[in-house]
Protein chains: 2
Amino acid sequence: METILRSARRTVIISPEKPTVLIGERINPTGKKRLAAALGQGNLDIVRTEAEAQVEDGADVLDVNVGATGVDEVDLLPKVVRLVMETVKVPVCIDSANAEALRAALAMHKELAPEGKPLVNSVNGEEVSLERVLPLVAEYKTAVIGLAMDEDGIPPTPEKRLAVAHKIVERAEALGIPREDVVLDCLALTVGADDSQAGQVTLETIRMVREEVGVNMTLGASNVSFGLPEREVVNWAFLAMAIQNGVNCPIVDAAKVRQSILAADLLLGRDEYAMRYIKAYKKRRKKSGAVAP
Amino acid sequence: METILRSARRTVIISPEKPTVLIGERINPTGKKRLAAALGQGNLDIVRTEAEAQVEDGADVLDVNVGATGVDEVDLLPKVVRLVMETVKVPVCIDSANAEALRAALAMHKELAPEGKPLVNSVNGEEVSLERVLPLVAEYKTAVIGLAMDEDGIPPTPEKRLAVAHKIVERAEALGIPREDVVLDCLALTVGADDSQAGQVTLETIRMVREEVGVNMTLGASNVSFGLPEREVVNWAFLAMAIQNGVNCPIVDAAKVRQSILAADLLLGRDEYAMRYIKAYKKRRKKSGAVAP
């Protein structure tokens, strides 16, 4: 099953048969004081820098989120989407909980790339979300990320998260959105002191969604290690397992995890002659000023 | 299914329900000139050092292999097994392709630990191996590693490796060796330029053995990255995936991969309150001289 994303200048295909697609997470002010302050002041230089840097680091799609205190998302989101589209070639993932901001950004995207197809982030199983977001997805013919949660929050069991996934896909199809344009996020909670089963529940949900729903899957993987030491060690293992189970377009910091994801692709038979793995290694060596071996 | 190993002083249980057991790989002269030379001269100081260091690094069982040019294994293997048993408390994995050396080492083990139960490394699907090794395993009531290969080498497909696995378990049972005392190694070949499917074949074999044979599994995981840059990145991803699929007693360098394996256990719900992960981190910090955070 293929999810096709298009900017004005590039097409990206998400598919179990192809290498993992990286959605760059860094244009998002959550937890980033400097970016939040810049966005509040309408200063977009940092957005341009982050867009260029993430593509340089190997991001295939860029998530764009401007939700911060003091920001008028309906005004700012389309501007930032425009800036990203003018700065880099890759498709965008338009990320907001505000349906009016989504609409404004989608209109801007259509103006700049009439044949384009962005990813909308996100809809979930709540009635209010389904009713507000899916009509936009249908109208603008985009793809959409569906979060496996609803009015009751994030379900504690894989079976219940799977039920929400089914519901989102069915509601999308009822509006004429093909199921291949729904990308599911099985949601990663923090593993550790509070909940030692959190990782396993997510991994099992991913396996079940692949077998029973069959759509492509994203995942914001870094939450899983919140509060633990050496978070990268946990994040890398989690990404490897999640990709093996069916996640094929995680939302990540490409600078931190791309080599691990390329290793996972290599081990899963998606990197002939290890070309992508070796090429990325050489590029990083060159960038860091070292002589290639 | 539980595989129980015992030295005179410690019992180790290998089970899908329990944390991953690490078999320390470093007492093995293959590719190690200094150790090979020392063994050739009968100098065993380095064996003592490596035994202590590996247990300190978190190895739960120690592999003991003395196969090197100029070494009389029948003479040396029991001596080194004795030294390891006298130096550390953990059970041993007696590793030789020489059945007479295995017999001599097993006799030594029985003398030092009459109630002990070591792991024998290894039998494979070749007639000559089955006929020589399994009777020793039955006689000394040990557990044994079964390699998924036979007269034709390492099969290229998961189905054929699975068939060898079935054959080894059946032949063991015919001699009265319970199937829980067979630990399978699905074998990792090098992924890369020659064979981009090597990782996937091993991972798929592991999944099939878990579902259709149900025994515990080991894996020598580091071969998979031979010739690639940043081998650890590939090895960590491979271990995470292999453990998720059912490997529960890999043969590894504990100093290099223990934290990754603890992360995998944590993510698979086998580390309540993240206690083992955090404890190992703190121990490493302390060892490196840093102040705990």
# chains A, B, ... in the order shown; residues from 1 in each chain; ligands from 1

call {"tool": "interface_residues", "arguments": {"of": "chain B", "to": "chain A", "cutoff": "9 Å", "atoms": "only C-alpha atoms", "output": "JSON, numbers by chain"}}
result
{"B": [191, 192, 193, 194, 195, 196, 197, 198, 199, 200, 201, 203, 224, 228, 229, 230, 233, 234, 235, 236, 237, 238, 239, 240, 241, 242, 244, 259, 260, 261, 262, 263, 264, 266, 267, 268, 269, 270, 271, 272, 273, 274, 275, 277, 278, 281]}

call {"tool": "write_last_selection", "arguments": {"atoms": "N, CA and C atoms", "output": "short mmCIF file (atom, residue, chain, number, x, y, z; two decimals), in the first residue's frame"}}
result
data_model
loop_
_atom_site.label_atom_id
_atom_site.label_comp_id
_atom_site.auth_asym_id
_atom_site.auth_seq_id
_atom_site.Cartn_x
_atom_site.Cartn_y
_atom_site.Cartn_z
N VAL B 191 25.66 -9.01 6.18
CA VAL B 191 24.79 -8.25 5.29
C VAL B 191 25.65 -7.19 4.60
N GLY B 192 25.30 -6.85 3.39
CA GLY B 192 26.10 -5.80 2.73
C GLY B 192 26.21 -6.06 1.26
N ALA B 193 27.39 -5.78 0.75
CA ALA B 193 27.59 -5.82 -0.70
C ALA B 193 27.19 -7.17 -1.31
N ASP B 194 27.56 -8.26 -0.63
CA ASP B 194 27.32 -9.56 -1.23
C ASP B 194 25.88 -10.00 -1.12
N ASP B 195 25.25 -9.68 -0.02
CA ASP B 195 23.95 -10.28 0.25
C ASP B 195 23.10 -9.33 1.07
N SER B 196 22.25 -8.58 0.40
CA SER B 196 21.45 -7.60 1.13
C SER B 196 20.27 -8.25 1.85
N GLN B 197 20.05 -9.55 1.65
CA GLN B 197 18.94 -10.21 2.33
C GLN B 197 19.37 -11.00 3.57
N ALA B 198 20.66 -11.00 3.87
CA ALA B 198 21.17 -11.86 4.95
C ALA B 198 20.52 -11.57 6.30
N GLY B 199 20.33 -10.31 6.63
CA GLY B 199 19.72 -9.96 7.91
C GLY B 199 18.29 -10.45 7.98
N GLN B 200 17.56 -10.16 6.94
CA GLN B 200 16.15 -10.51 6.88
C GLN B 200 15.94 -12.03 6.99
N VAL B 201 16.80 -12.79 6.33
CA VAL B 201 16.67 -14.26 6.38
C VAL B 201 16.85 -14.76 7.82
N LEU B 203 16.43 -12.99 10.64
CA LEU B 203 15.33 -12.50 11.48
C LEU B 203 14.05 -13.31 11.24
N VAL B 224 27.10 -9.94 11.43
CA VAL B 224 26.19 -9.34 10.46
C VAL B 224 26.75 -8.06 9.85
N LEU B 228 31.33 -3.32 7.28
CA LEU B 228 30.58 -2.06 7.21
C LEU B 228 31.18 -1.02 8.16
N PRO B 229 31.00 0.25 7.87
CA PRO B 229 31.42 1.27 8.84
C PRO B 229 30.43 1.34 10.00
N GLU B 230 30.88 1.84 11.12
CA GLU B 230 30.04 1.99 12.32
C GLU B 230 29.26 0.72 12.63
N VAL B 233 26.33 0.38 15.17
CA VAL B 233 24.98 0.85 14.84
C VAL B 233 24.16 -0.29 14.24
N VAL B 234 24.80 -1.06 13.37
CA VAL B 234 24.13 -2.20 12.74
C VAL B 234 23.90 -3.31 13.78
N ASN B 235 24.92 -3.58 14.59
CA ASN B 235 24.79 -4.66 15.58
C ASN B 235 23.68 -4.38 16.59
N TRP B 236 23.59 -3.12 17.04
CA TRP B 236 22.56 -2.79 18.02
C TRP B 236 21.17 -2.98 17.43
N ALA B 237 20.98 -2.48 16.21
CA ALA B 237 19.66 -2.61 15.58
C ALA B 237 19.32 -4.09 15.38
N PHE B 238 20.32 -4.86 14.96
CA PHE B 238 20.09 -6.28 14.70
C PHE B 238 19.73 -7.03 15.98
N LEU B 239 20.46 -6.74 17.06
CA LEU B 239 20.16 -7.38 18.34
C LEU B 239 18.75 -7.03 18.81
N ALA B 240 18.38 -5.75 18.69
CA ALA B 240 17.04 -5.34 19.12
C ALA B 240 15.98 -6.12 18.35
N MET B 241 16.15 -6.21 17.04
CA MET B 241 15.18 -6.93 16.22
C MET B 241 15.18 -8.43 16.54
N ALA B 242 16.37 -9.00 16.70
CA ALA B 242 16.48 -10.44 16.96
C ALA B 242 15.87 -10.79 18.32
N GLN B 244 13.53 -9.09 19.84
CA GLN B 244 12.08 -8.98 19.68
C GLN B 244 11.49 -10.24 19.04
N GLN B 259 24.10 -2.46 27.39
CA GLN B 259 23.09 -1.41 27.60
C GLN B 259 21.99 -1.49 26.53
N SER B 260 22.38 -1.81 25.30
CA SER B 260 21.38 -1.94 24.23
C SER B 260 20.44 -3.10 24.51
N ILE B 261 20.99 -4.19 25.02
CA ILE B 261 20.14 -5.36 25.31
C ILE B 261 19.20 -5.05 26.47
N LEU B 262 19.70 -4.31 27.46
CA LEU B 262 18.83 -3.92 28.56
C LEU B 262 17.72 -2.99 28.05
N ALA B 263 18.05 -2.13 27.07
CA ALA B 263 17.02 -1.26 26.48
C ALA B 263 15.97 -2.11 25.77
N ALA B 264 16.41 -3.14 25.05
CA ALA B 264 15.46 -4.02 24.36
C ALA B 264 14.55 -4.72 25.37
N LEU B 266 13.76 -3.70 28.33
CA LEU B 266 12.88 -2.68 28.89
C LEU B 266 11.69 -2.44 27.95
N LEU B 267 11.99 -2.31 26.67
CA LEU B 267 10.93 -2.02 25.68
C LEU B 267 9.99 -3.20 25.48
N LEU B 268 10.47 -4.41 25.81
CA LEU B 268 9.62 -5.59 25.66
C LEU B 268 8.93 -5.97 26.96
N GLY B 269 8.98 -5.07 27.95
CA GLY B 269 8.23 -5.29 29.18
C GLY B 269 8.87 -6.27 30.13
N ARG B 270 10.22 -6.44 30.04
CA ARG B 270 10.89 -7.40 30.91
C ARG B 270 11.77 -6.73 31.95
N ASP B 271 11.49 -5.48 32.27
CA ASP B 271 12.34 -4.77 33.22
C ASP B 271 11.47 -3.83 34.05
N GLU B 272 10.87 -4.39 35.10
CA GLU B 272 9.94 -3.60 35.89
C GLU B 272 10.62 -2.39 36.51
N TYR B 273 9.93 -1.25 36.42
CA TYR B 273 10.44 0.03 36.92
C TYR B 273 11.76 0.44 36.26
N ALA B 274 12.13 -0.20 35.15
CA ALA B 274 13.39 0.10 34.46
C ALA B 274 14.59 -0.06 35.39
N MET B 275 14.44 -0.91 36.39
CA MET B 275 15.47 -1.06 37.42
C MET B 275 16.79 -1.57 36.86
N TYR B 277 17.92 -1.51 33.72
CA TYR B 277 18.51 -0.52 32.80
C TYR B 277 19.22 0.59 33.57
N ILE B 278 18.53 1.13 34.57
CA ILE B 278 19.09 2.26 35.32
C ILE B 278 20.27 1.83 36.19
N TYR B 281 23.33 1.42 34.06
CA TYR B 281 23.84 2.74 33.68
C TYR B 281 24.66 3.34 34.82
#

call {"tool": "select_by_dssp", "arguments": {"residues": "stretch 135-284 of chain A", "states": "alpha helix (DSSP H)", "output": "PyMOL selection string"}}
result
chain A and resi 135-139+158-174+198-212+231-245+254-267+275-284

call {"tool": "residues_around", "arguments": {"residues": "stretch 88-93 of chain A", "least_positions_apart": "6", "cutoff": "7 Å", "atoms": "only C-alpha atoms", "output": "ChimeraX atom specification"}}
result
/A:5-7,9-10,51-52,60-64,118-121

call {"tool": "select_by_dssp", "arguments": {"residues": "stretch 4-87 of chain A", "states": "strand (DSSP E)", "output": "list in words"}}
result
Ile4, Leu5, Arg6, Thr11, Val12, Ile13, Ile14, Ile23, Gly24, Glu25, Arg26, Ile27, Val61, Leu62, Asp63 and Val64 of chain A

call {"tool": "atom_distance", "arguments": {"atom1": "atom CA of A:Val144", "atom2": "atom CA of A:Ser96"}}
result
11.8 Å

call {"tool": "atom_distance", "arguments": {"atom1": "atom CA of B:Val84", "atom2": "atom CA of B:Asn216"}}
result
24.6 Å

call {"tool": "closest_residue", "arguments": {"among": "A:Val169, A:Val183, A:Val55, A:Leu39", "to": "A:Thr142", "atoms": "only C-alpha atoms"}}
result
A:Val183

call {"tool": "residues_around", "arguments": {"residues": "stretch 73-83 of chain A", "least_positions_apart": "4", "cutoff": "7 Å", "atoms": "only C-alpha atoms", "output": "list in words"}}
result
Val64, Val66, Gly67, Thr87, Glu100, Ala101, Ala104, Ala105 and Met108 of chain A

call {"tool": "atom_distance", "arguments": {"atom1": "atom CA of B:Glu127", "atom2": "atom CA of B:Leu187"}}
result
18.7 Å

call {"tool": "residues_around", "arguments": {"residues": "A:Pro16", "least_positions_apart": "4", "cutoff": "9 Å", "atoms": "only C-alpha atoms", "output": "MDAnalysis selection string"}}
result
chainID A and resid 1:2 20 216 246:248

call {"tool": "write_last_selection", "arguments": {"atoms": "all heavy atoms", "output": "tab-separated table (two decimals), in the first residue's frame"}}
result
chain	number	residue	atom	x	y	z
A	1	MET	N	0.84	-1.20	0.00
A	1	MET	CA	0.00	0.00	0.00
A	1	MET	C	0.88	1.26	0.00
A	1	MET	O	1.75	1.39	0.85
A	1	MET	CB	-0.90	-0.01	1.24
A	1	MET	CG	-1.99	1.02	1.17
A	1	MET	SD	-3.20	0.85	2.51
A	1	MET	CE	-3.97	-0.71	2.12
A	2	GLU	N	0.66	2.13	-0.95
A	2	GLU	CA	1.51	3.31	-1.10
A	2	GLU	C	0.80	4.60	-0.70
A	2	GLU	O	-0.30	4.87	-1.16
A	2	GLU	CB	1.96	3.46	-2.56
A	2	GLU	CG	2.91	2.37	-3.01
A	2	GLU	CD	3.51	2.65	-4.38
A	2	GLU	OE1	2.99	3.56	-5.07
A	2	GLU	OE2	4.47	1.98	-4.75
A	20	THR	N	12.61	3.28	4.63
A	20	THR	CA	11.88	4.10	5.59
A	20	THR	C	11.98	5.59	5.22
A	20	THR	O	13.05	6.08	4.88
A	20	THR	CB	12.49	3.87	6.99
A	20	THR	OG1	12.40	2.47	7.28
A	20	THR	CG2	11.74	4.66	8.06
A	216	ASN	N	0.10	2.32	6.03
A	216	ASN	CA	1.43	2.76	6.45
A	216	ASN	C	1.36	3.37	7.85
A	216	ASN	O	0.29	3.78	8.30
A	216	ASN	CB	1.99	3.74	5.44
A	216	ASN	CG	2.31	3.04	4.12
A	216	ASN	OD1	2.96	2.00	4.12
A	216	ASN	ND2	1.83	3.59	3.01
A	246	GLY	N	6.56	-2.66	11.29
A	246	GLY	CA	5.74	-2.04	10.26
A	246	GLY	C	5.73	-0.52	10.19
A	246	GLY	O	5.13	0.04	9.27
A	247	VAL	N	6.36	0.17	11.13
A	247	VAL	CA	6.44	1.63	11.02
A	247	VAL	C	7.34	1.96	9.83
A	247	VAL	O	8.45	1.45	9.72
A	247	VAL	CB	7.02	2.24	12.31
A	247	VAL	CG1	7.46	3.69	12.08
A	247	VAL	CG2	5.98	2.16	13.42
A	248	ASN	N	6.87	2.80	8.90
A	248	ASN	CA	7.73	3.12	7.76
A	248	ASN	C	7.87	4.60	7.45
A	248	ASN	O	8.47	4.97	6.43
A	248	ASN	CB	7.34	2.32	6.51
A	248	ASN	CG	5.86	2.40	6.23
A	248	ASN	OD1	5.16	3.23	6.77
A	248	ASN	ND2	5.38	1.53	5.35

call {"tool": "residues_around", "arguments": {"residues": "B:Lys32", "least_positions_apart": "3", "cutoff": "12 Å", "atoms": "only C-alpha atoms", "output": "ChimeraX atom specification"}}
result
/B:25-29,35-39,46,65-69

call {"tool": "closest_residue", "arguments": {"among": "A:Thr3, A:Ala174, A:Gly58, A:Glu131", "to": "A:Gly214", "atoms": "only C-alpha atoms"}}
result
A:Thr3

call {"tool": "residues_around", "arguments": {"residues": "A:Val123", "least_positions_apart": "3", "cutoff": "12 Å", "atoms": "only C-alpha atoms", "output": "mmCIF file with C-alpha atoms, in the first residue's frame"}}
result
data_model
loop_
_atom_site.group_PDB
_atom_site.id
_atom_site.type_symbol
_atom_site.label_atom_id
_atom_site.label_comp_id
_atom_site.auth_asym_id
_atom_site.auth_seq_id
_atom_site.Cartn_x
_atom_site.Cartn_y
_atom_site.Cartn_z
ATOM 1 C CA ILE A 94 1.152 20.297 8.246
ATOM 2 C CA ASP A 95 0.846 19.889 11.998
ATOM 3 C CA SER A 96 -1.825 21.631 14.064
ATOM 4 C CA ALA A 97 -4.664 20.878 16.459
ATOM 5 C CA ASN A 98 -6.463 23.948 15.083
ATOM 6 C CA ALA A 99 -8.720 23.116 12.129
ATOM 7 C CA LEU A 102 -4.988 23.631 8.958
ATOM 8 C CA LEU A 119 0.374 15.168 4.924
ATOM 9 C CA VAL A 120 -1.998 16.526 7.577
ATOM 10 C CA GLU A 126 -12.631 11.683 18.810
ATOM 11 C CA GLU A 127 -15.857 12.704 17.096
ATOM 12 C CA VAL A 128 -14.913 16.366 17.137
ATOM 13 C CA SER A 129 -11.582 15.626 15.463
ATOM 14 C CA LEU A 130 -13.069 13.280 12.844
ATOM 15 C CA GLU A 131 -15.747 15.844 12.016
ATOM 16 C CA ARG A 132 -13.384 18.783 11.700
ATOM 17 C CA VAL A 133 -10.282 17.315 10.107
ATOM 18 C CA LEU A 134 -11.443 14.587 7.712
ATOM 19 C CA PRO A 135 -13.564 16.948 5.559
ATOM 20 C CA LEU A 136 -10.449 19.106 5.043
ATOM 21 C CA VAL A 137 -8.429 16.045 4.064
ATOM 22 C CA ALA A 143 -2.947 12.300 3.233
ATOM 23 C CA VAL A 144 -3.525 12.339 6.984
ATOM 24 C CA ILE A 145 -1.953 10.967 10.154
ATOM 25 C CA GLY A 146 -4.478 9.158 12.363
ATOM 26 C CA LEU A 147 -3.653 8.923 16.065
ATOM 27 C CA ALA A 148 -4.855 5.762 17.825
ATOM 28 C CA MET A 149 -6.645 7.633 20.622
ATOM 29 C CA ASP A 150 -10.141 8.980 21.253
ATOM 30 C CA VAL A 164 -9.583 3.235 17.062
ATOM 31 C CA ALA A 165 -7.370 2.681 14.016
ATOM 32 C CA LYS A 167 -12.618 3.525 13.152
ATOM 33 C CA ILE A 168 -10.436 6.297 11.689
ATOM 34 C CA VAL A 169 -9.847 4.382 8.445
ATOM 35 C CA ARG A 171 -14.601 7.194 8.702
ATOM 36 C CA ALA A 172 -12.008 8.395 6.184
ATOM 37 C CA VAL A 182 -4.367 7.338 6.155
ATOM 38 C CA VAL A 183 -1.034 6.937 7.960
ATOM 39 C CA LEU A 184 -1.513 5.572 11.465
ATOM 40 C CA ASP A 185 0.389 6.556 14.602
#

call {"tool": "decode", "arguments": {"residues": "stretch 201-228 of chain A", "atoms": "N, CA, C and O atoms", "output": "compact mmCIF listing (two decimals), in the first residue's frame"}}
result
# COMPACT_ATOMS: atom_id res chain seq x y z
N VAL A 201 3.25 -2.52 24.47
CA VAL A 201 1.89 -2.23 23.98
C VAL A 201 1.95 -1.55 22.62
O VAL A 201 1.23 -1.91 21.69
N THR A 202 2.85 -0.58 22.47
CA THR A 202 2.98 0.11 21.19
C THR A 202 3.47 -0.84 20.10
O THR A 202 2.93 -0.87 18.99
N LEU A 203 4.49 -1.63 20.42
CA LEU A 203 5.05 -2.55 19.42
C LEU A 203 4.02 -3.57 18.98
O LEU A 203 3.93 -3.92 17.79
N GLU A 204 3.22 -4.04 19.92
CA GLU A 204 2.19 -5.03 19.59
C GLU A 204 1.08 -4.38 18.75
O GLU A 204 0.56 -4.99 17.82
N THR A 205 0.72 -3.14 19.08
CA THR A 205 -0.29 -2.44 18.29
C THR A 205 0.19 -2.29 16.84
O THR A 205 -0.58 -2.51 15.90
N ILE A 206 1.45 -1.93 16.68
CA ILE A 206 2.01 -1.75 15.33
C ILE A 206 1.89 -3.05 14.53
O ILE A 206 1.46 -3.06 13.37
N ARG A 207 2.23 -4.16 15.17
CA ARG A 207 2.15 -5.46 14.49
C ARG A 207 0.70 -5.76 14.08
O ARG A 207 0.44 -6.24 12.98
N MET A 208 -0.22 -5.48 14.98
CA MET A 208 -1.63 -5.77 14.70
C MET A 208 -2.17 -4.86 13.59
O MET A 208 -2.93 -5.30 12.73
N VAL A 209 -1.79 -3.59 13.61
CA VAL A 209 -2.26 -2.67 12.57
C VAL A 209 -1.72 -3.11 11.21
O VAL A 209 -2.45 -3.10 10.21
N ARG A 210 -0.46 -3.52 11.16
CA ARG A 210 0.08 -3.99 9.88
C ARG A 210 -0.72 -5.18 9.36
O ARG A 210 -1.09 -5.23 8.19
N GLU A 211 -1.02 -6.12 10.25
CA GLU A 211 -1.70 -7.33 9.79
C GLU A 211 -3.18 -7.11 9.51
O GLU A 211 -3.73 -7.68 8.58
N GLU A 212 -3.82 -6.28 10.30
CA GLU A 212 -5.28 -6.20 10.21
C GLU A 212 -5.80 -4.95 9.52
O GLU A 212 -6.95 -4.93 9.09
N VAL A 213 -5.01 -3.90 9.47
CA VAL A 213 -5.45 -2.68 8.77
C VAL A 213 -4.63 -2.50 7.48
O VAL A 213 -5.18 -2.15 6.44
N GLY A 214 -3.35 -2.77 7.59
CA GLY A 214 -2.51 -2.80 6.39
C GLY A 214 -2.04 -1.44 5.88
O GLY A 214 -1.40 -1.37 4.84
N VAL A 215 -2.32 -0.37 6.63
CA VAL A 215 -1.90 0.96 6.16
C VAL A 215 -0.47 1.26 6.60
O VAL A 215 0.10 0.56 7.44
N ASN A 216 0.10 2.32 6.03
CA ASN A 216 1.43 2.76 6.45
C ASN A 216 1.36 3.37 7.85
O ASN A 216 0.29 3.78 8.30
N MET A 217 2.51 3.40 8.52
CA MET A 217 2.53 3.87 9.91
C MET A 217 3.68 4.82 10.22
O MET A 217 4.81 4.59 9.81
N THR A 218 3.34 5.86 10.97
CA THR A 218 4.36 6.75 11.52
C THR A 218 4.49 6.48 13.02
O THR A 218 3.76 5.65 13.57
N LEU A 219 5.42 7.15 13.68
CA LEU A 219 5.57 7.02 15.13
C LEU A 219 6.49 8.13 15.61
O LEU A 219 7.52 8.39 14.98
N GLY A 220 6.08 8.80 16.64
CA GLY A 220 6.99 9.74 17.31
C GLY A 220 7.68 8.93 18.38
O GLY A 220 7.10 8.66 19.42
N ALA A 221 8.90 8.50 18.11
CA ALA A 221 9.50 7.45 18.93
C ALA A 221 10.23 7.96 20.17
O ALA A 221 10.47 7.21 21.10
N SER A 222 10.56 9.24 20.21
CA SER A 222 11.50 9.65 21.26
C SER A 222 10.86 9.79 22.64
O SER A 222 11.55 9.71 23.65
N ASN A 223 9.54 9.96 22.70
CA ASN A 223 8.87 10.00 24.00
C ASN A 223 9.13 8.78 24.86
O ASN A 223 9.09 8.85 26.08
N VAL A 224 9.33 7.65 24.20
CA VAL A 224 9.40 6.38 24.92
C VAL A 224 10.47 6.40 26.01
O VAL A 224 10.34 5.73 27.03
N SER A 225 11.51 7.19 25.81
CA SER A 225 12.66 7.17 26.73
C SER A 225 12.68 8.34 27.71
O SER A 225 13.67 8.52 28.43
N PHE A 226 11.62 9.12 27.74
CA PHE A 226 11.61 10.32 28.61
C PHE A 226 11.96 9.96 30.04
O PHE A 226 11.42 9.01 30.61
N GLY A 227 12.91 10.69 30.61
CA GLY A 227 13.28 10.47 32.01
C GLY A 227 14.35 9.42 32.23
O GLY A 227 14.84 9.26 33.34
N LEU A 228 14.72 8.68 31.17
CA LEU A 228 15.74 7.64 31.33
C LEU A 228 17.11 8.19 30.97
O LEU A 228 17.23 9.13 30.19
